[in-house]
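Undergrad: Quick one: structure below, then a few questions.
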Amino acid sequence: MKDTIYVIDTSGFIVDIRLPPTSIVTVPAVVDEIIDRNTKLRFDLLHDGGLSVDVPYKEYKDIVRSTSISTGDDTVLSNTDIDILAKALELSKRSTVILITDDYAVQNVAAILNIKYQPAATSGIKKKIKWELRCTGCGSVVRSGTECPICASEIKRYRVK
Ligand SMILES: [Zn+2]
């Protein structure tokens with residue numbers, strides 16, 4: 001019986017992870033989204049302990065994209081979301097994978113792709129965090145999307161205190 005691999009998105013690193021670091025996989029885009037100092041420290045410790053950062057393959061990203069279009073989640077999935085789903089999909093072909101994410105669109109697409117998922121709050125991890133989508137240009141808070149409807153700048157997720 002192979003060990004379970006935990007594929008973790010940005011929301012998963014905000015909380016205190018109690019999983020063996022060698023069982024954790026994430027993608028470079030998630031690492032880029034870690035800005036908060038405490039989260040960065042936590043991530044560095046896990047990385048030193050054996051966490052893997054793997055680049056997702058195009059063929060799996062293409063499957064995730066076409067699936068998200070079929071479910072209508074394509075407008076809310078960020079490139080990072082697609083990368084993490086693609087990595088989870090690839091690994092699930094040869095191992096037991098649990099995707100840890102608090103993002104509903106990611107959970108929705110994972111379900112269609114038969115990838116098991118858990119919210120960060122229930123996966124041996126502590127508290128839940130709240131996110132908001134905010135424009136990197138004008139600072140407007142939006143409900144969904146990757147491009148600002150006002151100034152067309154990129155939308156990013158921010159943690160709400
Ligand atoms: Zn804007």
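Here, A, B, ... name the chains of the structure tokens in the order displayed, residue numbers run from 1 inside each chain, and ligands are numbered from 1 in the same displayed order.
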Contacts of Arg134 in chain A at 9 Å or less, counting only C-alpha atoms, minus same-chain residues fewer than 2 places along, as a compact mmCIF listing (two decimals) with all heavy atoms, in the first residue's frame?
TA:
```txt
# COMPACT_ATOMS: atom_id res chain seq x y z
N GLU A 132 -10.12 37.18 0.08
CA GLU A 132 -10.89 38.02 -0.83
C GLU A 132 -10.09 38.18 -2.10
O GLU A 132 -8.86 38.06 -2.11
CB GLU A 132 -11.29 39.35 -0.18
CG GLU A 132 -10.24 40.39 -0.12
CD GLU A 132 -10.69 41.61 0.69
OE1 GLU A 132 -11.77 41.61 1.32
OE2 GLU A 132 -9.93 42.58 0.69
N THR A 136 -4.96 43.96 -8.37
CA THR A 136 -3.60 44.40 -8.06
C THR A 136 -3.36 45.83 -8.56
O THR A 136 -2.38 46.45 -8.21
CB THR A 136 -2.56 43.46 -8.72
OG1 THR A 136 -2.85 43.38 -10.11
CG2 THR A 136 -2.59 42.07 -8.10
N GLY A 137 -4.28 46.31 -9.42
CA GLY A 137 -4.13 47.67 -9.97
C GLY A 137 -4.84 48.70 -9.13
O GLY A 137 -4.21 49.52 -8.45
N CYS A 138 -6.19 48.63 -9.11
CA CYS A 138 -6.97 49.69 -8.45
C CYS A 138 -7.43 49.29 -7.05
O CYS A 138 -7.99 50.12 -6.33
CB CYS A 138 -8.17 50.07 -9.31
SG CYS A 138 -9.43 48.78 -9.43
N GLY A 139 -7.24 48.03 -6.66
CA GLY A 139 -7.59 47.63 -5.30
C GLY A 139 -9.05 47.27 -5.09
O GLY A 139 -9.46 47.00 -3.97
N SER A 140 -9.84 47.25 -6.16
CA SER A 140 -11.25 46.87 -6.02
C SER A 140 -11.38 45.42 -5.56
O SER A 140 -10.60 44.57 -5.97
CB SER A 140 -11.98 46.97 -7.36
OG SER A 140 -11.91 48.26 -7.86
N VAL A 141 -12.38 45.14 -4.72
CA VAL A 141 -12.65 43.77 -4.30
C VAL A 141 -13.72 43.22 -5.25
O VAL A 141 -14.74 43.85 -5.48
CB VAL A 141 -13.15 43.73 -2.84
CG1 VAL A 141 -13.56 42.32 -2.44
CG2 VAL A 141 -12.04 44.25 -1.92
N VAL A 142 -13.44 42.05 -5.83
CA VAL A 142 -14.38 41.46 -6.78
C VAL A 142 -14.81 40.09 -6.28
O VAL A 142 -14.18 39.50 -5.41
CB VAL A 142 -13.76 41.36 -8.20
CG1 VAL A 142 -13.40 42.73 -8.73
CG2 VAL A 142 -12.54 40.45 -8.20
N ARG A 143 -15.92 39.58 -6.82
CA ARG A 143 -16.44 38.27 -6.38
C ARG A 143 -15.73 37.11 -7.07
O ARG A 143 -15.55 36.06 -6.50
CB ARG A 143 -17.94 38.16 -6.67
CG ARG A 143 -18.78 39.09 -5.85
CD ARG A 143 -20.25 38.68 -5.93
NE ARG A 143 -20.61 37.74 -4.89
CZ ARG A 143 -20.86 38.07 -3.63
NH1 ARG A 143 -20.76 39.33 -3.26
NH2 ARG A 143 -21.19 37.17 -2.74
N CYS A 148 -9.57 42.41 -13.52
CA CYS A 148 -10.42 43.44 -12.92
C CYS A 148 -11.41 44.00 -13.94
O CYS A 148 -11.02 44.40 -15.03
CB CYS A 148 -9.56 44.56 -12.37
SG CYS A 148 -10.51 45.91 -11.65
N GLU A 154 -4.62 42.38 -13.10
CA GLU A 154 -4.75 41.01 -12.59
C GLU A 154 -5.39 41.00 -11.20
O GLU A 154 -5.12 41.87 -10.37
CB GLU A 154 -3.35 40.38 -12.51
CG GLU A 154 -3.41 38.89 -12.26
CD GLU A 154 -2.01 38.30 -11.98
OE1 GLU A 154 -1.01 39.05 -12.09
OE2 GLU A 154 -1.96 37.12 -11.64
N ILE A 155 -6.25 40.00 -10.98
CA ILE A 155 -6.88 39.82 -9.67
C ILE A 155 -6.08 38.80 -8.88
O ILE A 155 -5.72 37.76 -9.41
CB ILE A 155 -8.34 39.28 -9.84
CG1 ILE A 155 -9.20 40.26 -10.64
CG2 ILE A 155 -8.97 38.96 -8.49
CD1 ILE A 155 -9.46 41.58 -9.99
N LYS A 156 -5.82 39.09 -7.64
CA LYS A 156 -5.13 38.11 -6.77
C LYS A 156 -5.93 37.87 -5.51
O LYS A 156 -6.72 38.72 -5.10
CB LYS A 156 -3.73 38.60 -6.43
CG LYS A 156 -2.78 38.47 -7.60
CD LYS A 156 -1.35 38.36 -7.15
CE LYS A 156 -0.49 37.80 -8.27
NZ LYS A 156 0.90 37.71 -7.96
N ARG A 157 -5.66 36.71 -4.91
CA ARG A 157 -6.33 36.38 -3.65
C ARG A 157 -5.54 36.94 -2.49
O ARG A 157 -4.33 36.82 -2.46
CB ARG A 157 -6.42 34.86 -3.48
CG ARG A 157 -7.51 34.25 -4.28
CD ARG A 157 -7.63 32.79 -3.96
NE ARG A 157 -6.44 32.09 -4.42
CZ ARG A 157 -6.38 30.78 -4.58
NH1 ARG A 157 -7.43 30.04 -4.31
NH2 ARG A 157 -5.29 30.19 -5.00
N TYR A 158 -6.23 37.53 -1.56
CA TYR A 158 -5.57 38.02 -0.35
C TYR A 158 -6.27 37.45 0.85
O TYR A 158 -7.48 37.25 0.86
CB TYR A 158 -5.63 39.55 -0.29
CG TYR A 158 -4.79 40.22 -1.35
CD1 TYR A 158 -5.35 40.53 -2.58
CD2 TYR A 158 -3.46 40.53 -1.13
CE1 TYR A 158 -4.59 41.12 -3.58
CE2 TYR A 158 -2.70 41.12 -2.10
CZ TYR A 158 -3.26 41.42 -3.33
OH TYR A 158 -2.50 42.02 -4.31
```
Undergrad: Find the residues around Pro56 in chain A up to 6 Å (only C-alpha atoms counted), leave out those fewer than 4 positions away in its own chain, and share them as a ChimeraX atom specification.
TA: /A:83,86-87
Undergrad: Would you mind exporting N, CA, C and O atoms of the selected residues as a PDB file, in the first residue's frame?
TA:
```pdb
ATOM      1  N   ASP A  83      -2.694  24.872 -12.112  1.00  0.00           N
ATOM      2  CA  ASP A  83      -1.431  24.159 -11.871  1.00  0.00           C
ATOM      3  C   ASP A  83      -1.571  23.122 -10.759  1.00  0.00           C
ATOM      4  O   ASP A  83      -1.108  21.990 -10.898  1.00  0.00           O
ATOM      5  N   ALA A  86      -3.672  20.239 -11.914  1.00  0.00           N
ATOM      6  CA  ALA A  86      -2.939  19.423 -12.892  1.00  0.00           C
ATOM      7  C   ALA A  86      -1.949  18.505 -12.180  1.00  0.00           C
ATOM      8  O   ALA A  86      -1.804  17.330 -12.530  1.00  0.00           O
ATOM      9  N   LYS A  87      -1.286  19.022 -11.155  1.00  0.00           N
ATOM     10  CA  LYS A  87      -0.328  18.206 -10.395  1.00  0.00           C
ATOM     11  C   LYS A  87      -1.059  17.103  -9.635  1.00  0.00           C
ATOM     12  O   LYS A  87      -0.633  15.951  -9.631  1.00  0.00           O
TER      13      LYS A  87
END
```
Undergrad: For each of A:Ser144, A:Thr67, A:Asn38, A:Thr80, take the minimum atom-to-atom distance to Ala110 in chain A, counting only C-alpha atoms, then give the residue where this is smallest.
TA: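 The closest residue to Ala110 in chain A is A:Thr67.
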Undergrad: From the list A:Thr71, A:Ser92, A:Ser78, A:Thr26, which residue is nearest Asn108 in chain A when using only C-alpha atoms?
TA: A:Thr71
Undergrad: Would you list, as a VMD selection string, the residues of range 2-141 of chain A that end up in alpha helix (DSSP H) under DSSP run on this structure's backbone?
TA: chain A and resid 10 to 14 28 to 33 37 to 48 58 to 71 79 to 92 104 to 112
Undergrad: Please provide the set of residues having any atom within 10 Å of His47 in chain A, restricted to only C-alpha atoms, with same-chain residues fewer than 4 positions apart removed, written as number ranges by chain.
TA: A: 21-22, 24-25, 41-43, 51-53
Undergrad: Out of A:Leu46, A:Val27, A:Leu91, A:Ile150, which residue has the shortest atom-to-atom distance to ligand 1 when counting only C-alpha atoms and all ligand atoms?
TA: A:Ile150
Undergrad: Go through A:Val97, A:Leu45, A:Leu89, A:Val30 one by one, measure the shortest atom-to-atom distance of each to Tyr117 in chain A using only C-alpha atoms, and give the residue with the smallest value.
TA: A:Val97
Undergrad: In Å, rounded to a single decimal, give me how far CA of Val55 in chain A is from CA of Val31 in chain A.
TA: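 Going from CA of Val31 in chain A over to CA of Val55 in chain A, I get 11.3 Å.
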Undergrad: My list of candidates is A:Asp3, A:Glu147, A:Asp32, A:Asp9. Which is closest to Leu99 in chain A when distances are computed with only C-alpha atoms?
TA: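 Closest residue, counting only C-alpha atoms: A:Asp9.
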Undergrad: Choose the residue, out of A:Ile115, A:Ala120, A:Leu19, A:Ala152, that has the smallest atom-to-atom separation from ligand 1; count only C-alpha atoms and all ligand atoms.
TA: A:Ala152
